[in-house]
Amino acid sequence: MAEQSFLVGLSIDGPRALHDFYRPTKKGKPTFDKVFQATQLLKRYGIQFSTLTTVNRHNASEPLAVYRFLRDEVGTSYMQFIPCVEPRQFERSAPRNCRQISW
């Protein structure tokens with residue numbers, strides 16, 4: 001991929017505690033270690049990547065920690081921040097079957 005100059009997007013929401021808060025596996029296990037390991041592999045092989053960070057209630061309270069982590073520890077120059085904030089009463093205002101949707 002490095003030869004073709006692809007830009008890979010990698011979802012990471014900040015340092016371990018902030019990332020793992022909303023990104024567990026289907027079995028409820030943390031995903032931070034695998035995602036961070038992917039950043040290291042991409043850098044090792046010279047593949048450009050962009051971080052895709054979902055801004056949510058949890059990590060929005062620590063914007064500098066998220067930014068500094070992405071800049072200094074992940075080492076990316078390309079950062080995308082995607083707002084994903086639910087209204088406070090989301091569970092009550094959403095349709096009752098919103099959690100039962102199957103694709």
# chains A, B, ... in the order shown; residues from 1 in each chain; ligands from 1
$ residues_around --residues "segment 71-87 of chain A" --least-positions-apart "2" --cutoff "7 Å" --atoms "only C-alpha atoms" --output "list in words"
Thr39, Ser50, Thr51, Leu52, Thr53, Thr54, Val55, Asn56, Arg57, Tyr67, Arg68, Phe69, Gln89 and Phe90 of chain A
$ write_last_selection --atoms "C-alpha atoms" --output "short mmCIF file (atom, residue, chain, number, x, y, z; two decimals), in the first residue's frame"
data_model
loop_
_atom_site.label_atom_id
_atom_site.label_comp_id
_atom_site.auth_asym_id
_atom_site.auth_seq_id
_atom_site.Cartn_x
_atom_site.Cartn_y
_atom_site.Cartn_z
CA THR A 39 -0.73 2.33 14.21
CA SER A 50 -5.48 9.30 9.22
CA THR A 51 -6.99 8.93 12.66
CA LEU A 52 -10.78 8.94 12.80
CA THR A 53 -11.80 10.04 16.26
CA THR A 54 -15.41 9.96 17.34
CA VAL A 55 -16.06 12.85 19.69
CA ASN A 56 -18.48 11.69 22.36
CA ARG A 57 -19.55 12.71 25.84
CA TYR A 67 -5.12 15.68 20.71
CA ARG A 68 -1.74 15.26 22.40
CA PHE A 69 -2.11 11.47 22.42
CA GLN A 89 -32.93 11.82 26.67
CA PHE A 90 -31.94 9.71 23.65
#
$ closest_residue --among "A:Lys34, A:Asn59, A:Leu64, A:Gln4" --to "Ala17 of chain A" --atoms "only C-alpha atoms"
A:Asn59
$ residues_around --residues "Thr31 of chain A" --least-positions-apart "6" --cutoff "10 Å" --atoms "only C-alpha atoms" --output "ChimeraX atom specification"
/A:12,16,19-25
$ closest_residue --among "A:Phe36, A:His58, A:Ala65, A:Leu42" --to "Leu7 of chain A" --atoms "only C-alpha atoms"
A:Leu42
$ select_by_dssp --residues "segment 28-73 of chain A" --states "helix (DSSP H, G or I)" --output "PyMOL selection string"
chain A and resi 32-44+59-61+63-73
$ select_by_dssp --residues "segment 11-58 of chain A" --states "strand (DSSP E or B)" --output "list of chain:residue names"
A:Ser11, A:Phe49, A:Ser50, A:Thr51, A:Leu52, A:Thr53, A:Thr54, A:Val55
$ atom_distance --atom1 "atom CA of Phe49 of chain A" --atom2 "atom CA of Gly14 of chain A"
15.4 Å
